[in-house]
Structure formats: structure tokens, C-alpha cells
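Chemist: Next up, data_25.txt (compact mmCIF, C-alpha atoms and all ligand atoms).
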```txt
# COMPACT_ATOMS: atom_id res chain seq x y z
CA MET T 1 -36.95 -67.83 100.03
CA SER T 2 -39.21 -65.79 97.76
CA SER T 3 -37.70 -64.33 94.59
CA ILE T 4 -38.95 -60.85 95.65
CA THR T 5 -36.71 -60.96 98.73
CA ALA T 6 -33.77 -62.26 96.73
CA LYS T 7 -34.01 -59.54 94.06
CA SER T 8 -35.03 -56.50 96.10
CA SER T 9 -32.38 -53.81 96.51
CA ILE T 10 -31.37 -52.42 99.86
CA ARG T 11 -31.37 -48.95 98.30
CA ALA T 12 -34.36 -46.66 98.74
CA ASN T 13 -36.10 -45.46 95.59
CA ARG T 14 -35.15 -41.89 96.40
CA LEU T 15 -31.48 -42.71 95.80
CA GLU T 16 -32.20 -43.54 92.16
CA ALA T 17 -32.02 -39.87 91.17
CA VAL T 18 -28.78 -39.28 93.06
CA ARG T 19 -25.48 -39.48 91.20
CA PRO T 20 -22.27 -40.59 92.88
CA SER T 21 -19.95 -37.60 93.26
CA MET T 22 -17.80 -37.30 90.12
CA ILE T 23 -15.52 -34.92 92.00
CA LEU T 24 -14.85 -37.40 94.80
CA GLU T 25 -14.22 -40.18 92.27
CA LEU T 26 -11.68 -38.02 90.47
CA VAL T 27 -10.01 -36.92 93.68
CA GLN T 28 -9.71 -40.57 94.72
CA LYS T 29 -8.21 -41.53 91.36
CA ALA T 30 -5.71 -38.64 91.55
CA ARG T 31 -4.73 -39.63 95.11
CA GLN T 32 -4.24 -43.24 94.07
CA LEU T 33 -1.99 -42.17 91.18
CA MET T 34 -0.02 -39.98 93.62
CA ALA T 35 0.30 -42.89 96.05
CA ASP T 36 1.62 -44.99 93.14
CA GLY T 37 4.39 -42.42 92.67
CA HIS T 38 3.06 -40.38 89.73
CA PRO T 39 3.86 -36.63 89.84
CA ILE T 40 0.22 -35.47 89.90
CA ILE T 41 -0.66 -31.78 90.23
CA ASP T 42 -4.08 -31.81 91.85
CA LEU T 43 -6.27 -28.89 90.78
CA GLY T 44 -9.46 -30.81 91.39
CA ILE T 45 -9.97 -30.16 95.06
CA GLY T 46 -12.06 -27.24 96.32
CA GLU T 47 -10.39 -26.27 99.56
CA PRO T 48 -8.10 -23.42 100.56
CA ASP T 49 -4.43 -24.38 100.80
CA PHE T 50 -3.94 -22.09 103.84
CA GLU T 51 -3.88 -23.27 107.47
CA THR T 52 -6.64 -22.82 110.06
CA PRO T 53 -5.59 -19.74 112.12
CA GLN T 54 -3.50 -20.56 115.21
CA HIS T 55 -5.87 -18.87 117.69
CA VAL T 56 -8.72 -21.05 116.34
CA LYS T 57 -6.71 -24.22 116.90
CA GLU T 58 -5.87 -23.05 120.42
CA ALA T 59 -9.53 -22.30 121.19
CA ALA T 60 -10.40 -25.87 120.25
CA ILE T 61 -7.65 -27.30 122.47
CA LYS T 62 -8.90 -25.10 125.33
CA ALA T 63 -12.47 -26.30 124.76
CA ILE T 64 -11.31 -29.89 125.18
CA ALA T 65 -9.36 -29.00 128.33
CA ASN T 66 -12.45 -27.21 129.68
CA ASN T 67 -14.58 -30.30 129.06
CA GLU T 68 -16.80 -28.65 126.48
CA THR T 69 -17.32 -32.20 125.34
CA ARG T 70 -21.00 -32.76 126.05
CA TYR T 71 -24.15 -32.36 123.99
CA THR T 72 -24.97 -28.78 123.06
CA VAL T 73 -28.44 -27.57 122.10
CA VAL T 74 -29.55 -28.64 118.61
CA PRO T 75 -29.19 -25.27 116.76
CA GLY T 76 -25.71 -24.61 118.19
CA THR T 77 -24.40 -23.01 121.38
CA THR T 78 -25.84 -19.67 122.43
CA THR T 79 -22.38 -18.10 122.31
CA LEU T 80 -21.72 -19.27 118.75
CA ARG T 81 -25.16 -18.20 117.52
CA GLN T 82 -24.61 -14.81 119.16
CA ALA T 83 -21.28 -14.51 117.32
CA ILE T 84 -23.05 -15.37 114.06
CA VAL T 85 -25.74 -12.74 114.69
CA ALA T 86 -22.94 -10.20 115.31
CA LYS T 87 -21.11 -11.34 112.13
CA PHE T 88 -24.22 -10.72 110.02
CA GLU T 89 -24.63 -7.24 111.54
CA ARG T 90 -20.96 -6.33 111.18
CA GLU T 91 -20.15 -7.79 107.77
CA ASN T 92 -23.47 -7.94 105.94
CA ARG T 93 -25.61 -5.23 107.58
CA LEU T 94 -28.28 -7.88 108.22
CA ASN T 95 -30.22 -8.30 111.45
CA TYR T 96 -31.12 -11.72 112.84
CA ARG T 97 -32.16 -13.05 116.22
CA GLN T 98 -30.62 -16.14 117.74
CA ASP T 99 -33.67 -18.26 116.97
CA GLU T 100 -33.18 -17.40 113.31
CA ILE T 101 -29.77 -19.14 113.22
CA SER T 102 -28.98 -22.86 112.93
CA VAL T 103 -25.44 -24.27 113.11
CA SER T 104 -24.70 -27.59 111.36
CA GLY T 105 -21.88 -29.89 110.28
CA GLY T 106 -20.79 -27.70 107.36
CA ALA T 107 -22.71 -25.54 104.90
CA LYS T 108 -23.58 -28.74 103.08
CA GLN T 109 -25.56 -30.00 106.04
CA VAL T 110 -27.34 -26.65 106.35
CA ILE T 111 -28.53 -27.08 102.75
CA TYR T 112 -29.42 -30.72 103.36
CA ASN T 113 -31.44 -29.81 106.45
CA ALA T 114 -33.22 -27.01 104.58
CA MET T 115 -34.22 -29.19 101.63
CA THR T 116 -35.26 -32.14 103.79
CA ALA T 117 -37.27 -29.86 106.06
CA THR T 118 -39.14 -27.99 103.33
CA LEU T 119 -39.54 -30.11 100.18
CA SER T 120 -42.51 -32.38 99.58
CA PRO T 121 -42.25 -34.91 96.71
CA GLY T 122 -42.28 -33.07 93.37
CA ASP T 123 -41.58 -29.60 94.77
CA GLU T 124 -39.27 -27.76 92.41
CA VAL T 125 -35.93 -26.09 93.09
CA ILE T 126 -34.47 -23.78 90.46
CA ILE T 127 -30.74 -24.34 90.12
CA PRO T 128 -28.76 -22.19 87.66
CA ALA T 129 -26.12 -24.29 85.86
CA PRO T 130 -23.20 -24.52 86.24
CA PHE T 131 -23.92 -25.34 89.88
CA TRP T 132 -22.10 -26.69 92.90
CA SER T 133 -22.61 -30.37 92.19
CA SER T 134 -24.28 -31.23 95.50
CA TYR T 135 -27.34 -28.98 94.99
CA PRO T 136 -29.35 -31.23 92.63
CA ASP T 137 -28.40 -34.37 94.53
CA ILE T 138 -29.46 -32.96 97.88
CA VAL T 139 -32.74 -31.86 96.29
CA ALA T 140 -33.19 -35.37 94.84
CA ILE T 141 -32.54 -37.06 98.20
CA ALA T 142 -35.27 -34.83 99.64
CA GLU T 143 -37.54 -36.06 96.80
CA GLY T 144 -37.71 -32.61 95.24
CA ARG T 145 -37.25 -31.90 91.52
CA PRO T 146 -34.17 -29.95 90.47
CA VAL T 147 -35.08 -27.51 87.68
CA VAL T 148 -31.75 -26.80 86.03
CA VAL T 149 -31.46 -23.57 84.03
CA ASP T 150 -28.49 -23.38 81.65
CA CYS T 151 -26.46 -20.20 82.10
CA PRO T 152 -23.62 -20.41 79.58
CA GLN T 153 -20.38 -18.45 79.44
CA GLY T 154 -21.92 -15.81 77.15
CA GLN T 155 -24.03 -14.65 80.11
CA ARG T 156 -21.12 -14.96 82.55
CA PHE T 157 -22.78 -18.12 83.95
CA LEU T 158 -25.46 -16.04 85.76
CA ILE T 159 -29.21 -16.58 85.60
CA SER T 160 -31.05 -13.72 83.91
CA PRO T 161 -34.31 -12.27 85.27
CA GLU T 162 -36.08 -13.55 82.13
CA GLN T 163 -34.78 -17.09 82.67
CA LEU T 164 -35.84 -16.97 86.30
CA ASN T 165 -39.31 -15.77 85.40
CA ALA T 166 -39.69 -18.54 82.81
CA ALA T 167 -38.54 -21.27 85.22
CA ILE T 168 -40.97 -20.44 88.05
CA THR T 169 -44.09 -22.63 88.29
CA PRO T 170 -46.71 -23.04 91.04
CA ARG T 171 -44.54 -25.94 92.35
CA THR T 172 -41.38 -23.82 92.74
CA LYS T 173 -40.25 -23.84 96.36
CA TRP T 174 -36.70 -22.49 96.12
CA LEU T 175 -34.27 -20.63 93.90
CA ILE T 176 -30.64 -21.40 94.74
CA LEU T 177 -28.18 -18.54 94.24
CA ASN T 178 -24.45 -18.98 94.80
CA SER T 179 -22.21 -15.92 94.56
CA PRO T 180 -19.25 -15.95 94.19
CA SER T 181 -19.88 -19.23 92.48
CA ASN T 182 -18.35 -22.65 92.64
CA PRO T 183 -17.45 -23.66 89.87
CA THR T 184 -17.29 -20.43 87.83
CA GLY T 185 -16.23 -17.64 90.21
CA GLY T 186 -19.20 -15.68 88.79
CA VAL T 187 -20.57 -12.89 91.00
CA TYR T 188 -24.04 -11.34 91.09
CA GLY T 189 -23.64 -7.56 91.42
CA PRO T 190 -26.24 -5.29 93.07
CA GLY T 191 -27.97 -4.35 89.78
CA HIS T 192 -28.37 -7.99 88.74
CA LEU T 193 -29.67 -8.94 92.19
CA GLU T 194 -32.21 -6.10 92.07
CA ALA T 195 -33.48 -7.37 88.72
CA LEU T 196 -33.84 -10.91 90.12
CA ALA T 197 -35.57 -9.53 93.23
CA ASP T 198 -38.06 -7.69 90.98
CA VAL T 199 -39.06 -11.08 89.54
CA LEU T 200 -39.18 -12.73 92.97
CA HIS T 201 -41.51 -10.01 94.28
CA ARG T 202 -44.08 -11.27 91.80
CA TYR T 203 -43.95 -14.84 93.22
CA PRO T 204 -44.34 -14.80 97.00
CA HIS T 205 -44.35 -18.63 97.14
CA VAL T 206 -40.70 -18.84 96.02
CA HIS T 207 -37.98 -18.97 98.67
CA ILE T 208 -34.35 -18.03 98.06
CA LEU T 209 -31.36 -20.04 99.26
CA SER T 210 -28.37 -17.74 99.07
CA ASP T 211 -25.12 -19.69 99.40
CA ASP T 212 -22.58 -17.05 100.44
CA ILE T 213 -19.75 -19.39 101.44
CA TYR T 214 -17.21 -17.56 99.20
CA GLU T 215 -18.25 -14.02 100.23
CA HIS T 216 -14.74 -13.05 101.36
CA LEU T 217 -13.11 -14.06 98.10
CA MET T 218 -14.00 -11.13 95.86
CA PHE T 219 -11.57 -9.71 93.29
CA ASP T 220 -10.68 -6.44 91.58
CA GLY T 221 -11.95 -4.31 94.48
CA ARG T 222 -15.50 -5.69 94.35
CA ARG T 223 -17.56 -5.85 97.53
CA PHE T 224 -19.89 -8.73 98.28
CA THR T 225 -23.61 -7.93 98.03
CA SER T 226 -26.36 -10.19 99.33
CA ILE T 227 -29.79 -10.23 97.72
CA LEU T 228 -31.08 -9.01 101.11
CA ASN T 229 -28.95 -5.87 100.84
CA VAL T 230 -30.90 -4.84 97.73
CA ALA T 231 -34.28 -6.36 98.69
CA PRO T 232 -34.55 -6.46 102.52
CA ASP T 233 -38.26 -7.32 102.28
CA LEU T 234 -37.25 -10.81 101.03
CA GLN T 235 -35.65 -11.68 104.39
CA ASP T 236 -38.61 -13.77 105.56
CA ARG T 237 -38.29 -16.11 102.58
CA THR T 238 -34.52 -16.18 102.25
CA LEU T 239 -32.14 -18.65 103.83
CA ILE T 240 -28.55 -17.42 103.93
CA VAL T 241 -26.05 -20.28 103.98
CA ASN T 242 -22.52 -19.67 105.11
CA GLY T 243 -19.79 -21.24 107.22
CA VAL T 244 -16.17 -21.18 108.27
CA SER T 245 -14.84 -23.76 105.78
CA LYS T 246 -13.61 -21.44 103.05
CA ALA T 247 -13.09 -18.08 104.80
CA PHE T 248 -11.08 -19.53 107.69
CA ALA T 249 -9.59 -22.59 105.94
CA MET T 250 -11.58 -24.88 108.26
CA THR T 251 -13.03 -27.45 105.86
CA GLY T 252 -12.31 -30.40 108.15
CA TRP T 253 -13.92 -28.84 111.23
CA ARG T 254 -17.36 -29.10 109.63
CA ILE T 255 -19.16 -25.96 110.75
CA GLY T 256 -21.71 -24.14 108.62
CA TYR T 257 -24.69 -22.02 109.55
CA GLY T 258 -28.02 -20.92 108.13
CA ALA T 259 -29.92 -17.69 108.82
CA GLY T 260 -33.59 -17.48 107.94
CA SER T 261 -37.08 -17.00 109.27
CA LYS T 262 -37.90 -18.57 112.61
CA ASP T 263 -40.20 -21.05 110.80
CA ILE T 264 -37.58 -22.29 108.32
CA ILE T 265 -34.92 -22.54 111.03
CA ALA T 266 -37.26 -24.40 113.42
CA ALA T 267 -38.09 -26.91 110.66
CA MET T 268 -34.38 -27.40 109.90
CA ASN T 269 -33.70 -27.96 113.59
CA VAL T 270 -36.25 -30.81 113.58
CA VAL T 271 -34.25 -32.59 110.86
CA GLN T 272 -30.96 -31.93 112.62
CA GLY T 273 -32.31 -32.99 116.00
CA GLN T 274 -33.21 -36.40 114.58
CA SER T 275 -30.01 -36.92 112.58
CA CYS T 276 -26.74 -35.67 114.08
CA THR T 277 -28.31 -33.78 117.05
CA HIS T 278 -25.86 -30.87 116.66
CA ALA T 279 -22.49 -29.95 115.21
CA CYS T 280 -19.37 -31.07 117.13
CA SER T 281 -19.02 -29.07 120.37
CA ILE T 282 -15.25 -28.58 119.93
CA SER T 283 -15.70 -27.35 116.37
CA GLN T 284 -18.39 -24.96 117.58
CA ALA T 285 -15.90 -23.49 120.07
CA ALA T 286 -13.34 -23.19 117.26
CA ALA T 287 -15.88 -21.47 114.99
CA PHE T 288 -16.70 -19.03 117.81
CA ALA T 289 -13.01 -18.10 118.01
CA ALA T 290 -12.88 -17.69 114.23
CA LEU T 291 -15.95 -15.46 114.04
CA THR T 292 -14.93 -13.25 116.97
CA GLY T 293 -11.19 -13.06 116.17
CA PRO T 294 -9.09 -11.13 113.66
CA THR T 295 -10.13 -11.18 110.01
CA ASP T 296 -7.43 -8.99 108.52
CA PHE T 297 -6.08 -12.00 106.60
CA PHE T 298 -9.26 -12.13 104.45
CA ALA T 299 -7.97 -9.31 102.24
CA LYS T 300 -4.49 -10.87 101.98
CA ARG T 301 -5.90 -14.23 100.99
CA ALA T 302 -8.27 -12.72 98.46
CA ALA T 303 -5.30 -10.84 96.95
CA ALA T 304 -3.30 -14.10 96.77
CA PHE T 305 -6.19 -15.89 95.02
CA GLU T 306 -6.62 -12.94 92.65
CA LYS T 307 -2.95 -13.19 91.59
CA ARG T 308 -3.25 -16.93 91.04
CA ARG T 309 -6.42 -16.40 89.02
CA ASP T 310 -4.53 -13.97 86.78
CA VAL T 311 -1.70 -16.46 86.23
CA VAL T 312 -4.08 -19.29 85.33
CA VAL T 313 -6.48 -17.30 83.15
CA ALA T 314 -3.60 -15.77 81.16
CA ALA T 315 -1.91 -19.16 80.68
CA LEU T 316 -5.11 -20.97 79.66
CA ASN T 317 -6.08 -18.29 77.17
CA THR T 318 -2.85 -18.87 75.22
CA ILE T 319 -4.05 -22.42 74.43
CA ASP T 320 -5.74 -22.96 71.09
CA GLY T 321 -9.14 -24.55 71.79
CA VAL T 322 -9.53 -23.11 75.33
CA ASP T 323 -11.43 -19.93 76.22
CA CYS T 324 -11.35 -18.79 79.83
CA LEU T 325 -13.48 -16.01 81.34
CA THR T 326 -11.91 -14.00 84.18
CA PRO T 327 -13.70 -14.99 87.42
CA GLU T 328 -14.72 -12.22 89.81
CA GLY T 329 -14.40 -14.26 93.02
CA ALA T 330 -13.91 -17.69 94.67
CA PHE T 331 -10.94 -19.93 93.80
CA TYR T 332 -11.94 -21.62 90.56
CA VAL T 333 -11.68 -20.95 86.85
CA TYR T 334 -14.07 -22.59 84.43
CA PRO T 335 -12.61 -22.51 80.91
CA ASP T 336 -14.65 -23.48 77.87
CA CYS T 337 -12.80 -26.36 76.19
CA SER T 338 -15.18 -26.93 73.28
CA GLY T 339 -12.30 -26.22 70.88
CA LEU T 340 -10.55 -29.40 72.05
CA ILE T 341 -13.50 -31.68 71.39
CA GLY T 342 -12.97 -33.91 68.36
CA ARG T 343 -9.18 -33.54 68.43
CA LYS T 344 -6.93 -36.61 68.47
CA THR T 345 -4.15 -37.34 70.99
CA PRO T 346 -0.76 -38.67 69.75
CA ALA T 347 -1.89 -42.10 71.04
CA GLY T 348 -4.89 -41.96 68.68
CA ARG T 349 -7.57 -41.21 71.29
CA VAL T 350 -10.29 -38.82 70.05
CA LEU T 351 -11.49 -36.48 72.79
CA THR T 352 -15.27 -36.47 72.75
CA SER T 353 -16.26 -34.77 76.01
CA ASP T 354 -14.92 -32.81 78.97
CA ILE T 355 -14.92 -36.08 80.96
CA ASP T 356 -12.63 -37.50 78.29
CA ILE T 357 -10.37 -34.46 78.39
CA CYS T 358 -10.02 -34.67 82.20
CA SER T 359 -9.20 -38.35 82.21
CA TRP T 360 -6.64 -37.84 79.39
CA LEU T 361 -5.03 -34.94 81.29
CA LEU T 362 -4.90 -37.02 84.47
CA ASP T 363 -3.75 -40.32 82.95
CA GLU T 364 -1.21 -38.98 80.48
CA HIS T 365 -0.20 -35.53 81.74
CA HIS T 366 -0.74 -35.90 85.47
CA VAL T 367 -2.95 -32.85 85.96
CA SER T 368 -6.19 -33.33 87.84
CA ALA T 369 -9.15 -31.05 86.97
CA VAL T 370 -12.90 -31.68 87.18
CA PRO T 371 -15.09 -31.92 84.04
CA GLY T 372 -17.92 -29.43 83.58
CA ALA T 373 -20.27 -32.44 83.42
CA ALA T 374 -20.03 -32.58 87.23
CA PHE T 375 -21.45 -29.05 87.40
CA GLY T 376 -24.18 -29.36 84.79
CA LEU T 377 -22.58 -27.35 81.97
CA SER T 378 -20.23 -28.86 79.39
CA PRO T 379 -17.74 -28.78 77.79
CA HIS T 380 -15.75 -27.01 80.49
CA LEU T 381 -13.02 -27.80 82.99
CA ARG T 382 -13.07 -26.64 86.59
CA ILE T 383 -9.60 -25.78 87.73
CA SER T 384 -9.09 -24.91 91.38
CA THR T 385 -6.59 -22.13 92.03
CA ALA T 386 -6.20 -23.26 95.64
CA ALA T 387 -2.66 -24.44 94.95
CA ALA T 388 0.85 -22.94 95.03
CA THR T 389 1.57 -20.56 92.13
CA ASP T 390 4.45 -22.82 90.97
CA ASP T 391 2.07 -25.78 90.77
CA LEU T 392 -0.48 -23.70 88.88
CA GLU T 393 2.16 -22.55 86.38
CA ASN T 394 3.47 -26.08 85.93
CA ALA T 395 -0.04 -27.48 85.50
CA CYS T 396 -0.97 -24.86 82.90
CA GLY T 397 2.35 -25.57 81.15
CA ARG T 398 1.53 -29.29 81.04
CA ILE T 399 -1.99 -28.61 79.71
CA ALA T 400 -0.62 -26.24 77.03
CA ALA T 401 2.07 -28.73 75.97
CA ALA T 402 -0.47 -31.56 75.85
CA CYS T 403 -2.97 -29.54 73.79
CA ALA T 404 -0.24 -28.46 71.35
CA LEU T 405 0.19 -32.13 70.40
CA LEU T 406 -3.49 -32.66 69.61
CA GLU T 407 -4.37 -33.22 66.01
CA ARG T 408 -7.49 -31.82 64.38
CA VAL T 409 -9.68 -34.55 62.89
CA GLN T 410 -11.50 -33.49 59.73
C1 LIG E 501 -20.83 -23.44 96.87
C2 LIG E 501 -20.56 -24.31 98.04
N1 LIG E 501 -21.46 -24.39 99.02
C3 LIG E 501 -21.27 -25.18 100.08
C4 LIG E 501 -20.10 -25.92 100.21
C5 LIG E 501 -19.96 -26.82 101.41
O1 LIG E 501 -19.21 -26.23 102.42
P1 LIG E 501 -18.91 -27.03 103.76
O2 LIG E 501 -17.55 -27.59 103.64
O3 LIG E 501 -18.99 -25.97 104.84
O4 LIG E 501 -19.95 -28.06 103.93
C6 LIG E 501 -19.13 -25.88 99.22
C7 LIG E 501 -17.91 -26.71 99.32
O5 LIG E 501 -17.18 -26.93 98.39
C8 LIG E 501 -19.35 -25.03 98.11
O6 LIG E 501 -18.44 -24.93 97.13
```
What do you get writing this file as C-alpha cells?
Modeler:
Amino acid sequence: MSSITAKSSIRANRLEAVRPSMILELVQKARQLMADGHPIIDLGIGEPDFETPQHVKEAAIKAIANNETRYTVVPGTTTLRQAIVAKFERENRLNYRQDEISVSGGAKQVIYNAMTATLSPGDEVIIPAPFWSSYPDIVAIAEGRPVVVDCPQGQRFLISPEQLNAAITPRTKWLILNSPSNPTGGVYGPGHLEALADVLHRYPHVHILSDDIYEHLMFDGRRFTSILNVAPDLQDRTLIVNGVSKAFAMTGWRIGYGAGSKDIIAAMNVVQGQSCTHACSISQAAAFAALTGPTDFFAKRAAAFEKRRDVVVAALNTIDGVDCLTPEGAFYVYPDCSGLIGRKTPAGRVLTSDIDICSWLLDEHHVSAVPGAAFGLSPHLRISTAAATDDLENACGRIAAACALLERVQ
């Protein structure tokens, strides 16, 4: 056997730039500790703690009984795409045709299809940091180049028009915007979006991926605004990404959808047609029921998340070394923990990074959070507020008690 065969890796070169998911690793570790009997409070996971609505579950059961169990067309059933078109008209004042919609196995797959379908090696994608951790990795799998722009707490974690202008090159293919944001809960208001659109008007080669998955989780009376509401002329080069995972507590059903120009959508359908063919037919029927059924619970859920946000932000801001901005949407807080770096635990461990802080909190205080390193901006912690208020209070109490025991090292 030749030594080349013996040494060669099964992994494709394109996987070299892809990091294993730090979030999934942490979630697995927390679950293992729970299974071993430790009283873990898990604030690492990013999914609503509400149930999928009953009428949605029933629609799925009916779809099975009705034998809606065969292949559908690649972009999703006509009825579901029609419901999505109607949703955009009703909720976002945006007009699409059915051939401008593609349904996939979650918003993540919509983004994956879009990047795979449009990026050639070396094409650049501007990603404001902190970012949802999958963006750069999906870009890397598609052999694109993530161009990460740091947007620290002082600018509310939002990319400024000046930063956007400076990051654009002739190779820029996409700008990714996510509002409300995972992991920060940051929201782009209409004025900010107009300023970004002014820059984008100068660069017609740049496309915009607007990830609106948290649109229904807006706080303090704010209303969601899409970049297309302030700059409708960008519609041809914008892909809106959305889905039922967060709004309808349907993460496991795996339904997301994209809305964009016929060209972008057709290209995405090529990728989908040669990978999974289409999203699960039963889940498509469930998503149809979700998008055409009652949505009065959106406001109630947003109010519940707003209350939890208030509890967590107030509790974290009492801790010496932690500084937490008040998020304007979504179900995460993203406190700055730079004041804890360099401090020593009672066991003599010096905390040197947010990764260190998270593993100390998990191992010794049984609270699971995700380090900012997973989202491209450190030192921060991402704490999910998708948990019972009691759990949130207890977790913040544990973090406060743990931090109070830290010793400053000169
Ligand atoms: C910003 C953002 N976009 C997309 C997704 C993926 O959603 P889905 O579960 O529909 O794939 C997530 C999930 O956490 C997210 O936070």
C-alpha cells in the first residue's frame, strides 16, 4: 500500500476552515452532567421553552392520516408557499410570488442552500460580530471567505454604515444582517437600516441576507422593520430568511423559508433538489397550519421573554465584573464579562477567557452558558432566557455567588 493512501484524510479540504460547534459541545457536556445527576441549569440552548401549538400538531397528524407522505415539489408545496406569500404581505408589507419562495429543512438549510448556490471560492461574505455561530462555518463549507467585522457593546453590537463601507470589496457577495440578533438581542431600527441601505445603494454587486427568524420577539413596544421596508428597491438582491422554529416553538419540525429574486431562489432549489429534495411533507403541512392559524400568542410570548430579560439583566448588572446591555429583542442576553478575566477561583484557577469562565460555571456551579468566543466577540457570555423565571433567578444567583468568591490577582 502506498504511503499516500495510508496518510490521506477522508476529510475534504473545505472542511479545514470549519470549526466544530462549540455550542453543541457545551450542550452535550451539560446534558451528560445532568444525566450523571448534577443539578444543572441549562441556559445554553437557543430554543423556546413553549410547546408547538395544538392545532399545528393536529394538522400534522391529519396530514399523516391523509397520506400526505409522498415527495412534494422541491421548493415546497404550493399551499405552503402561498401561505408564506400571504404572511409576507400581512406581516411585513412585502410582495413575493410563489416562485420567489423556497422552503427548506429549517432556516439553517435556507442559508446553507443560499451560500452553496451563490458563492464561488474566495467570494466574501460580510458578517458583523457577534454573529450566530453557523454563519461563518456555512460560508466556509461553501468555500467563501467570511469577513468578520467587530461590533462591540459600545455600538450596541450593530454594524455601522462606515464599517460596512470599509468592509466592502469587489469580491463581496453578501452582507448578513440578523435582527433581532442571536446572540445579543440587538435590533436594527429603521434609521439605522436606512443608513446601511444608503451604503448598499453604492455597491450593486452586494447582496443582503436578512435573517429575520426572531422578528416576533421585539421588546418595549418596538415593531420589527426589515431593510426592505426602508429600501424596497433592494428587493432583487435581498434574501429574507425566516421560519417557524422560533415564532411557533417548532425547532424540531425543521421548516424554514427564503424569499428572494427568482434567480437566487432557482439556484437554491438546484442545491436542495440534489441534497434533501425537499423539506418533510408532514412538517410542511404543520407549517401551513402555523402560518394560516392564530398568532395572538406572539404578543404574550414576547411579553414573557421581555419580563425574563428584565430579571436577568437586573441580576447580572449587580455582579462586580459583569456589564449587561438591555437587549431589544430575541431571547438572549450577552453580558460583557471582561471584569472577571484574571480573577482567581477559591480552588486557585485563574480565569483567562470567556471559555474558561463558562467551563468553571458549568463544572463548579452547574450553570450552562455559551462563551462569546462561539459568536466571534469575547469576552462575553451568551445566556438564553428561554427558561422558567425560577431557573433564571436561581442561575443568576449561582453566578453572583460564584463571582463574589473570586479573588483579584494583582
Ligand atoms: C439567527 C438564527 N438564524 C437561524 C437559525 C436556525 O433556525 P432553524 O432552527 O429554523 O434552522 C437560528 C437558530 O438558532 C438562529 O439563531
Chemist: What is the atom CA of Ala129 of chain T to atom CA of Pro183 of chain T distance in Å?
Modeler: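 Taking atom CA of Ala129 of chain T as the start and atom CA of Pro183 of chain T as the end point, the length is 9.6 Å.
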Chemist: Can you tell me which residues sit at most 7 Å away from ligand LIG 501 (chain E), counting only C-alpha atoms and all ligand atoms, written as a PDB file with C-alpha atoms, in the coordinates of the input?
Modeler:
```pdb
ATOM      1  CA  GLY T  46     -12.060 -27.240  96.320  1.00  0.00           C
ATOM      2  CA  GLU T  47     -10.390 -26.270  99.560  1.00  0.00           C
ATOM      3  CA  GLY T 105     -21.880 -29.890 110.280  1.00  0.00           C
ATOM      4  CA  GLY T 106     -20.790 -27.700 107.360  1.00  0.00           C
ATOM      5  CA  ALA T 107     -22.710 -25.540 104.900  1.00  0.00           C
ATOM      6  CA  LYS T 108     -23.580 -28.740 103.080  1.00  0.00           C
ATOM      7  CA  GLN T 109     -25.560 -30.000 106.040  1.00  0.00           C
ATOM      8  CA  TRP T 132     -22.100 -26.690  92.900  1.00  0.00           C
ATOM      9  CA  ASN T 178     -24.450 -18.980  94.800  1.00  0.00           C
ATOM     10  CA  SER T 181     -19.880 -19.230  92.480  1.00  0.00           C
ATOM     11  CA  ASN T 182     -18.350 -22.650  92.640  1.00  0.00           C
ATOM     12  CA  ASP T 211     -25.120 -19.690  99.400  1.00  0.00           C
ATOM     13  CA  ILE T 213     -19.750 -19.390 101.440  1.00  0.00           C
ATOM     14  CA  GLY T 243     -19.790 -21.240 107.220  1.00  0.00           C
ATOM     15  CA  VAL T 244     -16.170 -21.180 108.270  1.00  0.00           C
ATOM     16  CA  SER T 245     -14.840 -23.760 105.780  1.00  0.00           C
ATOM     17  CA  THR T 251     -13.030 -27.450 105.860  1.00  0.00           C
ATOM     18  CA  ARG T 254     -17.360 -29.100 109.630  1.00  0.00           C
ATOM     19  CA  ILE T 255     -19.160 -25.960 110.750  1.00  0.00           C
ATOM     20  CA  GLY T 256     -21.710 -24.140 108.620  1.00  0.00           C
TER      21      GLY T 256
END
```
Chemist: How many Å separate atom CA of Asp391 of chain T from atom CA of Ala374 of chain T?
Modeler: 23.4 Å
Chemist: Calculated over all atoms listed in the file, which of the candidates T:Pro327, T:Gly154, T:Pro190, T:Pro161 has the smallest distance to Arg202 of chain T?
Modeler: T:Pro161
Chemist: If we count all atoms listed in the file and set the cut-off at 10 Å, which residues sit around Gln82 of chain T, ignoring sequence neighbours fewer than 4 positions away in its own chain? Please answer as a list of chain:residue names.
Modeler: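 So the residues in contact are T:Gly76, T:Thr77, T:Thr78, T:Ala86, T:Lys87, T:Tyr96, T:Arg97, T:Gln98, T:Asp99, T:Ile101, T:Phe288.
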